[in-house]
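Participant: I am attaching a structure below and will ask some questions about it afterwards.
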Amino acid sequence: MLALGLVARWVHLATSIFLVGGSVMIVMAGQSDRPTARRWEQRTLAATRALAVVALASGLVVLSVQTALFEGRVGAALDLAAIARVVVETQAGHVWLVRFGLLVLLAAFLLLRLSVDRRVDWRAARGEGVLLGAAALLPIAAAGHAAAVEPGTARAIALDALHVVAAGVWVGGLVPLALLLRAAATSEGSDARPYAVLAARRFSRVALGAVAILAVTGALLATVHVGSVAGLVGTRYGRLLLAKLLLLALALLLAMVNRSVLLARLGGDGATVGRPAMRRLSGFVVAEACLALAILGVVAALGVTPPARHDAPVWPFAIRLSTAALEGASAEATRALIGSQIAVLGLAGLVAAAVLRSRMLPLGALGLVALGAGAGLALPPLAIDAYPTTYLRPSIPYQAASVASGAALYRESCVACHGARGAGDGPAGLSLPRPPADLRAPHTTQHTAGDLYWWLTNGIPAAGMPGFGARLSDDQRWDLINFLRALSAGYAARGMGATVEPDRRWLVAPDFAFAVGPTPPRSLKEYRGRVVLLVLYQLPESRPRMSQIAGREGTLAMLGVEVIAVPTDADRDAIRRLGDDPRVLFPVVTDGAEAIVATYRLFAAAPHAEFLIDRQGYVRTIAKSRGQAEEMEMEPLLAQIQELNQERVPVEPPPEEHVH
Amino acid sequence: MRAWKAVVLFNLALVVGAGWGYAFWGVRAARLERELAAARATALSGVEREWTVEGVVRAIFPELNVLVITHGEINEFMPAMTMGFRVASPKIQEAVSVGDAVRFTVRGVPPNVAVIAIQKITR
């Protein structure tokens with residue numbers, strides 16, 4: 001079923017694209033009164049007619065296979081009611097409806113026997129073929145991966161549409177061009193030779209433009225669908241894309257030879273035009289078309305493969321390159337800097353060689369040598385050990401519940417060697433071949449979450465660290481990694497005070513879920529866009545401070561601050577214990593407090609702690625106290641809130657996006 | 001017929017057909033949406049309604065006959081929040097104290113609603 005769907009997709013894509021190319025090629029070649037040229041035009045027209053019918057038929061097969069996949073049963077492929085449902089109720093179905101309509105119109109139009117002897121009639125009739133063919137091809141973009149891009153759907157669809165039409169002009173024009181060249185290269189086709197040479201030149205120019213459009217839109221679409229080197233080399237989608245690029249490089253190489261060598265040899269007057277060159281060019285163009293057909297096959301496979309961005313990449317190399325390796329190593333950094341400058345010079349040399357044709361060889365050689373030397377100098381210091389899971393994204397989000405269960409797992413499995421506070425000073429660690437890592441240290445920025453996942457799963461044999469892949473579940477290992485992230489963030493946050501540091505956002509507030517009494521649970525994330533004052537309190541010490549906050553609740557509300565109070569003893573009767581004098585109206589967490597306390601205590605180990613979280617979800621101040629009112633005042637807090645409110649909110653990705 | 005005329009007619013028919021189809025569907029969809037909104041509005045306004053929701057008593061103002069309750073979403077009326085509700089009779093607020101988890105019933109013509117019944121729940 002899948003294979004049938006893939007083949008049908010391939011046939012449908014190829015015919016849709018060849019339809020556009022054939023029509024464009026006829027328009028580009030122009031009207032002619034030479035018999036051979038007219039015969040070629042009629043043959044190409046007949047071919048487009050057949051292509052329209054095949055495109056319709058293969059489109060129906062694709063649709064029925066898609067219906068079967070949609071409904072999850074093979075029988076649905078032949079169930080008209082199911083197909084109708086898909087067509088009417090899904091966006092892809094609407095696109096199919098529009099495309100089928102246009103294809104039927106195109107086929108009907110091509111079957112009309114219009115007399116086209118006059119120039120204006122010819123132009124109108126052949127132009128209509130291009131118009132309908134392109135109109136039928138364009139909506140294909142709205143039914144593919146581009147339609148699922150979020151945000152920027154319209155941009156992705158427009159890019160994809162431009163990409164397929166440019167492909168249609170280049171790829172689709174190859175076969176008719178080869179046919180024309182072959183016909184003109186024979187002795188009886190000599191009347192059409194000037195016409196063929198002109199058509200080849202025009203096609204060459206237009207195809208160059210189409211390839212440029214393909215390159216630009218393709219690169220932009222790759223950043224949308226793949227987005228990273230890991231996605232390119234580590235996922236199915238990425239590797240298919242690499243295969244497509246390889247085939248494309250071969251096709252472009254052929255095209256370059258055709259354009260710069262063979263096309264030039266076609267010169268001369270009508271009768272004396274180079275026939276062998278024309279024959280060879282036709283052969284090369286056919287080869288180019290075959291490569292293009294293979295590319296379309298890869299594209300059909302890409303269409304049914306989830307984009308790399310939504311796949312877990314498996315890193316195939318033992319190292320990766322990152323500037324994070326240079327942190328704290330100034331000699332290495334200097335080396336990398338010098339090497340990179342030499343490499344840039346080498347690149348400049350290569351560009352100069354391409355521009356100045358007269359000195360191409362010496363300049364190019366120099367450029368290559370400089371590029372190689374620069375890379376050899378700059379790259380080794382950037383290398384960091386990497387593992388297959390290096391670019392794996394956590395499957396459990398960075399949330400208090402996960403951190404809390406990670407903390408429990410840490411106490412069970414890790415404390416013996418890494419120590420109670422993660423400093424690497426556990427008693428059992430003393431006998432190991434290498435001292436256990438200090439898990440709080442800033443060097444953790446050099447390791448991705450995926451690296452930690454690998455070490456947790458497989459251990460580090462050389463250092464005596466055991467693997468936990470068999471003992472802990474997948475989710476448990478990610479919980480531990482989230483705990484380690486919070487642990488090292490908390491260590492880094494030990495210097496954070498009660499005053500906002502302008503424009504320094506780095507401490508991500510772990511998300512948490514909480515509930516007040518029987519009301520449905522809410523999460524911290526829902527408060528994004530507002531300043532949150534998170535208060536971890538302990539009775540009776542915190543009572544004066546809680547009275548202070550409750551007394552200024554009106555002011556806090558006016559400043560747009562949401563207060564969330566969390567009892568550190570996780571008392572389910574916390575609201576009753578706070579009492580009604582003064583009246584406390586902000587949310588007091590009765591469900592979910594344990595996880596919040598376990599997580600945020602890593603940032604501030606005090607009985608009473610207040611965290612000011614800014615509008616993007618970063619912790620900006622941490623105030624610790626034993627809770628006495630004389631220790632903490634309301635006015636400084638209000639001043640900090642005002643500071644946050646006046647801050648310009650930068651356009652940055654939300655904190656979850658970057659793992660470290 | 002001349003081919004260019006045929007092409008022009010063809011395109012004209014295409015554009016008119018697409019435009020007519022879109023206008024037909026667009027107008028119909030817009031009308032249905034308006035009718036739906038109107039039906040919703042008449043269903044919700046001017047009619048006495050009743051909801052039962054759960055929440056926590058946060059404060060009691062006996063002199064105002066008001067209970068402040070942190071409650072979950074009230075379907076088609078208000079989202080989850082902490083707010084004051086008028087009580088239908090003073091007896092209702094005497095039955096609860098601050099911190100109680102409660103299930104309560106509000107009745108009235110929105111936005112004028114009052115608590116008509118309240119009951120402590122144990123979780």
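FYI, nothing fancy with the structure tokens labels: chains A, B, ... in order, residues from 1 per chain, ligands from 1 as they appear.
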Enumerate as a list in words the residues belonging to chain A that approach chain B to within 8 Å, with only C-alpha atoms taken into account.

Facilitator: Leu114, Ser115, Val116, Val120, Asp121, Trp122, Arg123, Ala124, Ala125, Glu128, Val516, Gly517, Pro518, Thr519, Pro520, Asp573, Ala574, Ile575, Arg576, Arg577, Gly579, Asp580, Arg583, Val584, Leu585, Phe586 and Pro587 of chain A

Participant: DSSP on the backbone: which residues in chain B end up as alpha helix (DSSP H)? Give the answer as a PyMOL selection string.

Facilitator: chain B and resi 3-44+90-94
